[in-house]
file run.cif (mmCIF, C-alpha atoms and all ligand atoms)
data_coords
loop_
_atom_site.label_atom_id
_atom_site.label_comp_id
_atom_site.auth_asym_id
_atom_site.auth_seq_id
_atom_site.Cartn_x
_atom_site.Cartn_y
_atom_site.Cartn_z
CA MET M 22 88.75 143.24 238.64
CA SER M 23 90.41 144.52 235.48
CA LYS M 24 89.13 146.27 232.43
CA VAL M 25 91.24 145.99 229.26
CA LEU M 26 91.11 147.83 225.97
CA ILE M 27 92.26 145.71 223.01
CA ILE M 28 93.21 147.71 219.90
CA GLY M 29 93.22 145.86 216.53
CA ALA M 30 90.55 143.47 215.28
CA GLY M 31 92.59 141.33 212.85
CA GLY M 32 93.59 137.67 213.16
CA VAL M 33 95.52 138.22 216.41
CA GLY M 34 92.95 140.66 217.88
CA GLY M 35 90.25 138.00 217.44
CA VAL M 36 92.23 135.38 219.37
CA VAL M 37 93.25 137.75 222.20
CA THR M 38 89.62 138.76 222.65
CA HIS M 39 88.46 135.11 222.77
CA LYS M 40 91.22 134.13 225.20
CA CYS M 41 90.67 137.12 227.52
CA ALA M 42 86.93 136.33 227.50
CA GLN M 43 87.73 132.76 228.58
CA VAL M 44 89.60 134.05 231.66
CA ALA M 45 86.75 136.03 233.20
CA GLU M 46 88.27 136.04 236.70
CA VAL M 47 91.10 138.33 235.46
CA PHE M 48 89.58 140.15 232.49
CA THR M 49 86.33 141.32 234.04
CA GLU M 50 85.55 143.83 231.27
CA ILE M 51 86.80 143.83 227.69
CA VAL M 52 86.52 146.55 225.05
CA LEU M 53 87.69 145.86 221.49
CA ALA M 54 88.47 148.88 219.31
CA SER M 55 89.85 149.12 215.78
CA ARG M 56 89.82 151.19 212.60
CA THR M 57 86.84 149.23 211.23
CA GLU M 58 84.32 148.75 214.04
CA ALA M 59 82.33 146.22 212.00
CA LYS M 60 85.22 143.74 212.44
CA CYS M 61 85.12 144.31 216.24
CA LYS M 62 81.38 143.64 216.26
CA GLN M 63 81.88 140.43 214.29
CA ILE M 64 84.43 139.16 216.84
CA ALA M 65 82.20 140.28 219.75
CA ALA M 66 79.27 138.30 218.31
CA GLN M 67 81.46 135.19 217.96
CA VAL M 68 82.77 135.56 221.53
CA ALA M 69 79.21 135.99 222.87
CA GLU M 70 78.18 132.82 221.06
CA MET M 71 81.14 130.77 222.28
CA THR M 72 81.63 132.08 225.84
CA GLY M 73 78.40 133.91 226.67
CA ARG M 74 80.38 137.07 227.46
CA GLN M 75 79.47 140.53 226.18
CA ILE M 76 82.36 142.52 224.66
CA LYS M 77 81.95 146.26 224.01
CA THR M 78 83.34 147.67 220.77
CA ALA M 79 84.55 151.07 219.53
CA GLN M 80 86.02 152.75 216.46
CA VAL M 81 89.45 154.38 216.65
CA ASP M 82 92.23 155.54 214.37
CA ALA M 83 95.28 154.44 216.35
CA ASP M 84 97.56 156.72 214.29
CA ASN M 85 95.85 159.65 215.96
CA VAL M 86 96.94 160.34 219.58
CA PRO M 87 94.08 162.74 220.54
CA GLU M 88 91.53 160.19 219.27
CA LEU M 89 93.20 157.45 221.31
CA VAL M 90 93.33 159.69 224.41
CA GLU M 91 89.63 160.46 224.09
CA LEU M 92 88.80 156.74 223.76
CA ILE M 93 91.01 155.67 226.69
CA ASN M 94 89.57 158.43 228.92
CA ARG M 95 86.07 157.33 228.01
CA ILE M 96 86.72 153.58 228.60
CA LYS M 97 89.14 153.97 231.55
CA PRO M 98 90.91 150.59 231.15
CA GLU M 99 93.76 149.45 233.38
CA LEU M 100 95.74 148.17 230.40
CA VAL M 101 95.81 148.68 226.62
CA ILE M 102 96.66 145.55 224.60
CA ASN M 103 98.00 146.72 221.25
CA VAL M 104 97.44 144.16 218.49
CA ALA M 105 97.03 146.67 215.66
CA LEU M 106 100.09 147.04 213.39
CA PRO M 107 103.70 147.83 214.40
CA TYR M 108 103.23 151.32 212.88
CA GLN M 109 100.88 152.24 215.76
CA ASP M 110 103.13 151.27 218.71
CA LEU M 111 104.42 154.76 219.47
CA THR M 112 101.11 156.61 219.13
CA ILE M 113 99.47 154.09 221.48
CA MET M 114 102.37 154.36 223.94
CA ASP M 115 102.03 158.17 223.85
CA ALA M 116 98.29 157.92 224.52
CA CYS M 117 98.90 155.51 227.44
CA LEU M 118 101.37 157.96 228.98
CA GLU M 119 98.94 160.83 228.59
CA THR M 120 96.08 158.91 230.20
CA GLY M 121 98.07 157.00 232.86
CA VAL M 122 97.34 153.48 231.56
CA HIS M 123 99.66 150.42 231.24
CA TYR M 124 100.65 149.22 227.74
CA MET M 125 101.59 145.98 225.99
CA ASP M 126 102.15 144.77 222.40
CA THR M 127 103.32 141.81 220.31
CA ALA M 128 105.60 143.43 217.72
CA ASN M 129 108.18 146.21 217.85
CA TYR M 130 107.71 149.60 216.26
CA GLU M 131 108.48 149.91 212.60
CA PRO M 132 108.33 153.21 210.70
CA GLU M 133 106.04 152.83 207.70
CA ASP M 134 108.64 154.20 205.25
CA THR M 135 111.59 152.02 206.44
CA ALA M 136 111.29 148.22 206.59
CA LYS M 137 113.45 147.82 209.68
CA PHE M 138 112.58 146.53 213.12
CA GLU M 139 114.51 147.99 215.99
CA TYR M 140 113.73 148.38 219.65
CA LYS M 141 115.50 151.75 219.95
CA TRP M 142 112.31 153.78 219.46
CA GLN M 143 110.42 151.93 222.19
CA TRP M 144 113.39 151.56 224.55
CA ALA M 145 113.62 155.37 224.42
CA TYR M 146 110.33 155.45 226.42
CA GLN M 147 111.94 153.72 229.45
CA GLU M 148 112.34 156.84 231.56
CA LYS M 149 108.92 158.27 230.67
CA PHE M 150 107.10 155.07 231.70
CA GLU M 151 109.21 154.66 234.82
CA LYS M 152 108.56 158.25 235.94
CA ALA M 153 104.83 157.88 235.28
CA GLY M 154 104.75 154.67 237.36
CA LEU M 155 103.45 152.77 234.30
CA MET M 156 104.53 149.51 232.71
CA ALA M 157 105.03 148.79 229.00
CA LEU M 158 105.52 145.12 228.08
CA LEU M 159 107.05 144.64 224.63
CA GLY M 160 106.66 141.69 222.29
CA SER M 161 104.28 139.35 224.12
CA GLY M 162 103.34 137.18 221.13
CA PHE M 163 104.97 133.88 220.13
CA ASP M 164 108.05 135.11 218.34
CA PRO M 165 108.85 137.49 219.91
CA GLY M 166 107.22 136.47 223.17
CA ALA M 167 107.10 132.75 223.92
CA THR M 168 110.51 132.33 222.24
CA ASN M 169 111.99 134.90 224.67
CA MET M 170 110.40 132.94 227.52
CA PHE M 171 111.73 129.59 226.23
CA THR M 172 115.23 131.09 226.07
CA ALA M 173 114.95 132.65 229.54
CA TYR M 174 113.54 129.41 230.99
CA ALA M 175 116.31 127.26 229.45
CA ILE M 176 118.99 129.59 230.80
CA LYS M 177 117.40 129.93 234.26
CA HIS M 178 116.87 126.21 234.86
CA TYR M 179 119.42 124.37 232.74
CA LEU M 180 122.52 126.50 232.10
CA ASP M 181 125.12 128.51 233.98
CA GLU M 182 125.97 130.49 230.84
CA ALA M 183 124.39 130.60 227.36
CA HIS M 184 126.68 130.73 224.30
CA TYR M 185 124.59 129.85 221.24
CA LEU M 186 120.93 130.48 220.49
CA ASP M 187 118.88 129.20 217.54
CA ILE M 188 115.19 130.06 217.38
CA VAL M 189 113.38 127.82 214.88
CA ASP M 190 109.88 128.66 213.64
CA VAL M 191 108.32 125.90 211.54
CA ASN M 192 104.84 126.17 210.13
CA GLY M 193 103.87 122.75 208.83
CA GLY M 194 100.36 123.99 207.99
CA ASP M 195 98.89 123.87 204.49
CA HIS M 196 96.07 126.25 203.49
CA GLY M 197 95.83 125.01 199.91
CA TYR M 198 96.51 128.42 198.28
CA PRO M 199 99.59 128.78 196.04
CA PHE M 200 100.49 131.99 197.95
CA ALA M 201 99.08 133.48 201.13
CA THR M 202 100.58 134.85 204.34
CA ASN M 203 99.60 133.68 207.81
CA PHE M 204 99.51 137.14 209.31
CA ASN M 205 99.20 140.65 207.93
CA PRO M 206 100.67 140.28 204.38
CA GLU M 207 102.33 143.70 204.38
CA ILE M 208 104.15 143.13 207.68
CA ASN M 209 104.98 139.51 206.78
CA ILE M 210 106.48 140.33 203.36
CA ARG M 211 108.46 143.30 204.74
CA GLU M 212 109.90 140.93 207.35
CA VAL M 213 110.94 138.09 205.04
CA THR M 214 112.36 140.27 202.25
CA ALA M 215 114.56 142.29 204.63
CA ASP M 216 118.30 141.55 204.76
CA CYS M 217 119.18 138.76 207.18
CA ARG M 218 121.01 139.82 210.34
CA HIS M 219 122.37 137.40 212.92
CA TRP M 220 124.44 138.00 216.04
CA GLN M 221 128.05 136.88 215.85
CA ASP M 222 130.76 137.70 218.41
CA GLY M 223 129.37 141.00 219.65
CA GLU M 224 127.79 142.41 216.48
CA PHE M 225 125.06 141.87 213.93
CA VAL M 226 126.33 140.45 210.64
CA THR M 227 124.26 141.17 207.51
CA THR M 228 123.74 138.62 204.73
CA PRO M 229 121.25 138.58 201.81
CA ALA M 230 117.66 137.54 202.59
CA MET M 231 117.05 133.75 202.40
CA SER M 232 120.69 133.01 201.55
CA LEU M 233 121.18 130.27 204.17
CA LYS M 234 119.05 127.14 204.23
CA GLU M 235 119.01 124.09 206.54
CA SER M 236 116.79 121.06 206.89
CA PHE M 237 115.07 120.70 210.27
CA GLY M 238 113.36 117.57 211.57
CA CYS M 239 110.68 118.62 214.05
CA PRO M 240 109.82 116.49 217.07
CA GLU M 241 106.43 114.81 217.51
CA GLU M 242 106.22 113.85 213.83
CA VAL M 243 105.44 117.40 212.70
CA GLY M 244 107.75 116.64 209.76
CA THR M 245 111.02 117.79 208.18
CA TYR M 246 111.12 121.24 206.61
CA ASN M 247 113.53 123.61 204.92
CA ILE M 248 114.29 126.50 207.23
CA TYR M 249 115.95 129.78 206.21
CA ARG M 250 117.99 132.11 208.37
CA MET M 251 116.44 135.57 208.71
CA TYR M 252 116.36 138.53 211.06
CA HIS M 253 113.80 138.59 213.83
CA GLU M 254 113.38 141.25 216.48
CA GLU M 255 113.90 139.09 219.58
CA LEU M 256 117.55 138.62 218.55
CA GLU M 257 118.17 142.27 219.47
CA SER M 258 116.74 142.13 222.99
CA LEU M 259 118.00 138.62 223.83
CA THR M 260 121.61 139.38 222.87
CA LYS M 261 121.42 142.60 224.88
CA HIS M 262 120.03 140.93 227.99
CA TYR M 263 122.21 137.79 227.73
CA PRO M 264 125.61 139.23 226.77
CA SER M 265 127.32 135.81 227.11
CA ILE M 266 125.58 134.74 223.85
CA LYS M 267 128.22 134.51 221.12
CA ARG M 268 125.93 133.65 218.24
CA ALA M 269 122.16 134.03 217.88
CA GLN M 270 120.22 133.04 214.77
CA PHE M 271 116.55 132.92 213.81
CA TRP M 272 115.20 130.39 211.30
CA MET M 273 111.81 130.11 209.64
CA SER M 274 110.34 127.43 207.37
CA PHE M 275 109.11 128.37 203.90
CA GLY M 276 107.64 126.15 201.21
CA ASP M 277 108.97 126.22 197.65
CA SER M 278 105.73 127.69 196.28
CA TYR M 279 105.80 130.58 198.77
CA LEU M 280 109.43 131.37 197.90
CA LYS M 281 108.84 131.15 194.13
CA HIS M 282 105.90 133.58 194.33
CA LEU M 283 107.81 135.94 196.59
CA GLU M 284 110.78 136.01 194.22
CA VAL M 285 108.60 136.81 191.21
CA LEU M 286 106.58 139.44 193.09
CA GLY M 287 109.86 141.03 194.25
CA ASN M 288 111.33 140.96 190.74
CA VAL M 289 108.33 142.79 189.26
CA GLY M 290 108.27 145.36 192.07
CA MET M 291 105.07 144.24 193.80
CA THR M 292 106.71 144.05 197.23
CA GLY M 293 108.00 147.66 197.11
CA ILE M 294 107.15 150.06 199.94
CA GLU M 295 107.74 153.30 198.00
CA PRO M 296 104.58 154.88 196.53
CA ILE M 297 104.27 154.89 192.73
CA GLU M 298 101.94 157.02 190.65
CA TYR M 299 99.15 155.13 188.84
CA LYS M 300 96.62 157.14 186.80
CA GLY M 301 97.04 160.18 189.00
CA GLN M 302 96.89 158.18 192.27
CA GLN M 303 99.69 157.33 194.68
CA ILE M 304 99.82 153.55 195.26
CA VAL M 305 102.19 151.60 197.52
CA PRO M 306 102.77 148.28 195.67
CA ILE M 307 102.89 146.08 198.80
CA GLN M 308 99.64 147.63 200.08
CA PHE M 309 97.96 146.94 196.75
CA LEU M 310 99.28 143.36 196.87
CA LYS M 311 97.76 142.95 200.37
CA GLU M 312 94.33 143.74 198.90
CA LEU M 313 94.73 140.90 196.38
CA LEU M 314 95.91 138.22 198.82
CA PRO M 315 93.65 136.09 201.02
CA ASP M 316 92.83 137.70 204.37
CA PRO M 317 94.89 135.74 206.96
CA ALA M 318 91.79 135.57 209.18
CA SER M 319 90.07 133.58 206.38
CA LEU M 320 92.71 130.81 206.40
CA GLY M 321 91.40 129.24 209.62
CA PRO M 322 88.94 126.72 208.23
CA ARG M 323 91.32 125.63 205.40
CA THR M 324 94.64 125.26 207.22
CA LYS M 325 95.67 121.75 208.25
CA GLY M 326 98.86 120.61 209.96
CA LYS M 327 100.93 121.84 212.90
CA THR M 328 103.35 124.56 213.90
CA CYS M 329 106.51 123.77 215.85
CA ILE M 330 108.31 126.78 217.29
CA GLY M 331 111.11 126.63 219.80
CA ALA M 332 114.51 127.78 221.04
CA ILE M 333 117.69 125.71 221.11
CA VAL M 334 120.10 127.15 223.65
CA ARG M 335 123.64 125.83 224.03
CA GLY M 336 126.06 126.74 226.78
CA ILE M 337 127.81 125.53 229.90
CA LYS M 338 126.43 123.75 232.98
CA ASP M 339 128.79 122.72 235.81
CA GLY M 340 131.76 123.24 233.51
CA LYS M 341 130.37 120.92 230.80
CA GLU M 342 128.71 121.68 227.45
CA LYS M 343 124.94 121.41 227.54
CA SER M 344 122.14 122.16 225.12
CA VAL M 345 118.40 122.48 225.67
CA TYR M 346 115.50 122.66 223.21
CA VAL M 347 112.23 124.15 224.47
CA TYR M 348 109.34 124.05 222.00
CA ASN M 349 105.60 124.01 221.46
CA THR M 350 103.63 122.32 218.72
CA CYS M 351 100.18 123.61 217.86
CA ASP M 352 97.53 122.12 215.58
CA HIS M 353 95.83 124.52 213.14
CA GLN M 354 92.48 122.71 213.16
CA ALA M 355 92.35 122.42 216.96
CA CYS M 356 92.83 126.23 217.15
CA TYR M 357 90.04 126.72 214.67
CA GLN M 358 87.70 124.57 216.74
CA GLU M 359 88.49 126.61 219.85
CA VAL M 360 88.60 130.22 218.65
CA LYS M 361 87.85 130.20 214.89
CA SER M 362 91.44 130.98 213.92
CA GLN M 363 94.51 129.25 212.45
CA ALA M 364 97.53 128.51 214.63
CA ILE M 365 99.66 131.55 213.68
CA SER M 366 97.14 134.02 215.12
CA TYR M 367 96.45 131.56 217.98
CA THR M 368 100.11 131.18 218.97
CA THR M 369 100.39 134.99 219.01
CA GLY M 370 97.09 135.73 220.77
CA VAL M 371 97.51 133.28 223.65
CA PRO M 372 100.88 134.70 224.86
CA ALA M 373 99.38 138.20 224.48
CA MET M 374 96.57 137.24 226.85
CA ILE M 375 99.06 135.62 229.26
CA GLY M 376 101.38 138.68 229.22
CA ALA M 377 98.39 140.89 230.04
CA LYS M 378 97.38 138.46 232.81
CA MET M 379 100.91 138.54 234.30
CA MET M 380 100.70 142.33 234.48
CA LEU M 381 97.16 142.54 235.86
CA GLU M 382 97.78 139.86 238.50
CA GLY M 383 100.82 141.84 239.65
CA LYS M 384 103.24 138.97 238.93
CA TRP M 385 105.13 141.12 236.44
CA MET M 386 103.92 144.61 237.22
CA LYS M 387 106.76 147.14 237.49
CA PRO M 388 107.20 150.63 236.05
CA GLY M 389 109.31 150.98 232.93
CA VAL M 390 109.59 149.43 229.45
CA TRP M 391 110.41 145.71 229.54
CA ASN M 392 111.18 142.91 227.13
CA MET M 393 109.81 139.54 228.15
CA GLU M 394 113.12 137.93 229.19
CA GLN M 395 113.68 140.66 231.79
CA LEU M 396 110.76 139.18 233.76
CA ASP M 397 110.46 135.82 235.56
CA PRO M 398 109.59 133.15 232.94
CA ASP M 399 108.15 130.62 235.44
CA PRO M 400 104.58 131.95 235.96
CA PHE M 401 104.29 132.68 232.22
CA MET M 402 105.44 129.16 231.30
CA ASP M 403 102.94 127.67 233.80
CA ASP M 404 100.15 129.59 232.11
CA MET M 405 101.23 128.47 228.63
CA ASN M 406 100.58 124.91 229.80
CA LYS M 407 97.19 125.93 231.19
CA TYR M 408 95.86 128.07 228.36
CA GLY M 409 96.51 126.10 225.19
CA LEU M 410 100.23 126.21 224.38
CA PRO M 411 101.88 123.35 226.30
CA TRP M 412 105.64 123.09 225.85
CA THR M 413 108.30 120.39 226.08
CA VAL M 414 111.99 120.43 227.01
CA ILE M 415 114.48 118.12 225.28
CA GLU M 416 117.89 118.05 226.93
CA ASP M 417 120.92 117.65 224.66
CA PRO M 418 118.90 117.27 221.43
CA ASP M 419 120.55 116.05 218.28
CA TYR M 420 120.48 119.35 216.36
CA ASP M 421 123.38 121.21 214.84
CA LEU M 422 122.58 124.54 213.18
CA ALA M 423 126.17 125.73 213.55
CA HIS M 424 127.61 128.10 210.93
P1 LIG D 501 95.81 142.11 210.77
O1 LIG D 501 96.20 142.90 209.59
O2 LIG D 501 94.97 140.88 210.59
O3 LIG D 501 95.06 143.05 211.82
C1 LIG D 501 95.49 144.33 212.14
C2 LIG D 501 94.32 145.06 212.75
O4 LIG D 501 94.76 146.37 213.16
C3 LIG D 501 93.16 145.27 211.77
O5 LIG D 501 91.94 145.06 212.43
C4 LIG D 501 93.33 146.74 211.36
O6 LIG D 501 92.15 147.41 211.03
C5 LIG D 501 93.85 147.33 212.65
N1 LIG D 501 94.53 148.59 212.37
C6 LIG D 501 95.49 148.84 211.45
N2 LIG D 501 95.80 150.15 211.44
C7 LIG D 501 95.02 150.72 212.38
C8 LIG D 501 94.85 152.05 212.85
N3 LIG D 501 95.56 153.06 212.35
N4 LIG D 501 93.94 152.28 213.82
C9 LIG D 501 93.20 151.28 214.34
N5 LIG D 501 93.32 150.00 213.94
C10 LIG D 501 94.20 149.73 212.97
O7 LIG D 501 97.17 141.73 211.55
P2 LIG D 501 97.42 140.53 212.57
O8 LIG D 501 96.25 140.40 213.47
O9 LIG D 501 97.91 139.38 211.82
O10 LIG D 501 98.66 141.13 213.40
C11 LIG D 501 98.46 142.05 214.46
C12 LIG D 501 99.79 142.38 215.12
O11 LIG D 501 100.37 141.19 215.64
C13 LIG D 501 100.84 142.96 214.16
O12 LIG D 501 101.53 143.99 214.83
C14 LIG D 501 101.77 141.82 213.90
O13 LIG D 501 103.06 142.25 213.59
C15 LIG D 501 101.73 141.12 215.25
N6 LIG D 501 102.14 139.71 215.18
C16 LIG D 501 103.03 139.26 216.11
C17 LIG D 501 103.45 137.95 216.10
C18 LIG D 501 104.33 137.42 217.19
O14 LIG D 501 104.48 136.21 217.29
N7 LIG D 501 104.93 138.24 218.03
C19 LIG D 501 103.00 137.01 215.05
C20 LIG D 501 101.98 137.55 214.18
C21 LIG D 501 101.59 138.88 214.22
P3 LIG D 501 91.35 147.16 209.64
O15 LIG D 501 90.55 145.94 209.94
O16 LIG D 501 90.54 148.37 209.45
O17 LIG D 501 92.39 146.95 208.59
#
call {"tool": "encode", "arguments": {"input": "run.cif", "output": "structure tokens"}}
result
Amino acid sequence: MSKVLIIGAGGVGGVVTHKCAQVAEVFTEIVLASRTEAKCKQIAAQVAEMTGRQIKTAQVDADNVPELVELINRIKPELVINVALPYQDLTIMDACLETGVHYMDTANYEPEDTAKFEYKWQWAYQEKFEKAGLMALLGSGFDPGATNMFTAYAIKHYLDEAHYLDIVDVNGGDHGYPFATNFNPEINIREVTADCRHWQDGEFVTTPAMSLKESFGCPEEVGTYNIYRMYHEELESLTKHYPSIKRAQFWMSFGDSYLKHLEVLGNVGMTGIEPIEYKGQQIVPIQFLKELLPDPASLGPRTKGKTCIGAIVRGIKDGKEKSVYVYNTCDHQACYQEVKSQAISYTTGVPAMIGAKMMLEGKWMKPGVWNMEQLDPDPFMDDMNKYGLPWTVIEDPDYDLAH
């Protein structure tokens, strides 16, 4: 019997709400709150139509701790699922501490004025959550999230020691627009325009954004795509928790049209995060750009093709070199049929529901602040197979992303 409060009614919030509603034996009551309550009501109506379940909704400004505290005290959930933006992580964590409620999210905190992901701000809450007897689960989306689980699973079951890690995120979907982002445009563009950092022999090495490209042939005929090395937040926690890793890299696929638009937008200053003055008004260029771009939640009906996201882990087993590739492929149109969303929000929302389920069922519940790989991957991986994200293991695959 568990009541959850979901905060954030965007693409991911919609999927989490649908998926929690489908698992009524765990999520007995669901409340969806966000800045714009109309969006919550829209999702609630869709969920009622598709599952017959009634979802309550509320309005909240998640930047405001007293407002969050008032809402949480009124709802009295067991767990808050934060799928608003990374800017709200700390205020929601503060409100959870004040009200004695467990916390989870899908993306690490990022200050609005610095485009830099780092876990240090959230790891600093370890003692506070531990002392309060509360749990905070960080990064339970796909990447981070499922990719941490794939890495942990490969190491637990196939390797004695991990040495090299390559996480490869391919989106083979086509939405037909010359330029659109699959999740929040502001967060997405901040992420892909940031300097690349990869882990090499005990430290992060910085290289220019998009400066290293490879070709990657996906399994299951998803296709062959250009992938670019970039920084992604799970590299920080995975290299901390698996110190035997010598090199860890993250790769993402981008089409030529996306990269051309991004380059031009960057050159003319449209991706800037510093406010500029326009006719007496302060405008942040990237926020203005977000208003012009298609809403990621609207891409669902138009996106065709598949995603293929996985982790290739190389290391030693019984004194011999071994490598393992664990991956999932997900079809955009199948996701749309099930929950009215494209696969990027789907692949994030399903692991968010499963992470919450792991906590509420007590399989993962322990006080403190935890990254996914610090918890047992087996029950989570079982649930990925059950709830829409089945995965496959290829032993000793023919991939070489060495650099
Ligand atoms: P959207 O922009 O579609 O949705 C964000 C939602 O949060 C909106 O409903 C927005 O409200 C709400 N929100 C924003 N600010 C506030 C606030 N101050 N108070 C209350 N609500 C607020 O984003 P996505 O759904 O695409 O992404 C959600 C989260 O998931 C992000 O943190 C993103 O980084 C993360 N993510 C993680 C992935 C992973 O694999 N780990 C992959 C993709 C996303 P409004 O409607 O009023 O704008």
call {"tool": "residues_near_ligand", "arguments": {"input": "run.cif", "ligand": "ligand LIG 501 (chain D)", "cutoff": "7 Å", "atoms": "all atoms listed in the file", "output": "ChimeraX atom specification"}}
result
/M:28-34,55-57,60,81-84,104-107,109,127-128,160-166,204-205,208,317-318,365-366,368-369
call {"tool": "residues_near_point", "arguments": {"input": "run.cif", "point": "(103.3, 153.3, 197.8)", "cutoff": "8 Å", "atoms": "only C-alpha atoms", "output": "list in words"}}
result
Gly293, Ile294, Glu295, Pro296, Ile297, Gln303, Ile304, Val305, Pro306, Ile307 and Gln308 of chain M
call {"tool": "write_last_selection", "arguments": {"input": "run.cif", "atoms": "C-alpha atoms", "output": "PDB file, in the frame of the given file"}}
result
ATOM      1  CA  GLY M 293     108.000 147.660 197.110  1.00  0.00           C
ATOM      2  CA  ILE M 294     107.150 150.060 199.940  1.00  0.00           C
ATOM      3  CA  GLU M 295     107.740 153.300 198.000  1.00  0.00           C
ATOM      4  CA  PRO M 296     104.580 154.880 196.530  1.00  0.00           C
ATOM      5  CA  ILE M 297     104.270 154.890 192.730  1.00  0.00           C
ATOM      6  CA  GLN M 303      99.690 157.330 194.680  1.00  0.00           C
ATOM      7  CA  ILE M 304      99.820 153.550 195.260  1.00  0.00           C
ATOM      8  CA  VAL M 305     102.190 151.600 197.520  1.00  0.00           C
ATOM      9  CA  PRO M 306     102.770 148.280 195.670  1.00  0.00           C
ATOM     10  CA  ILE M 307     102.890 146.080 198.800  1.00  0.00           C
ATOM     11  CA  GLN M 308      99.640 147.630 200.080  1.00  0.00           C
TER      12      GLN M 308
END
call {"tool": "atom_distance", "arguments": {"input": "run.cif", "atom1": "atom CA of M:Met379", "atom2": "atom CA of M:Tyr146"}}
result
20.9 Å
call {"tool": "atom_distance", "arguments": {"input": "run.cif", "atom1": "atom CA of M:Asn349", "atom2": "atom CA of M:Leu410"}}
result
6.5 Å
call {"tool": "residues_near_point", "arguments": {"input": "run.cif", "point": "(93.7, 161.7, 221.6)", "cutoff": "10 Å", "atoms": "only C-alpha atoms", "output": "PyMOL selection string"}}
result
chain M and resi 81-94+112-113+115-117+119-120
call {"tool": "closest_residue", "arguments": {"input": "run.cif", "among": "M:Ala79, M:Leu53, M:Arg211, M:Lys149", "to": "M:Glu131", "atoms": "only C-alpha atoms"}}
result
M:Arg211
call {"tool": "residues_around", "arguments": {"input": "run.cif", "residues": "M:Ser23", "least_positions_apart": "4", "cutoff": "7 Å", "atoms": "all atoms listed in the file", "output": "PyMOL selection string"}}
result
chain M and resi 47-50+99
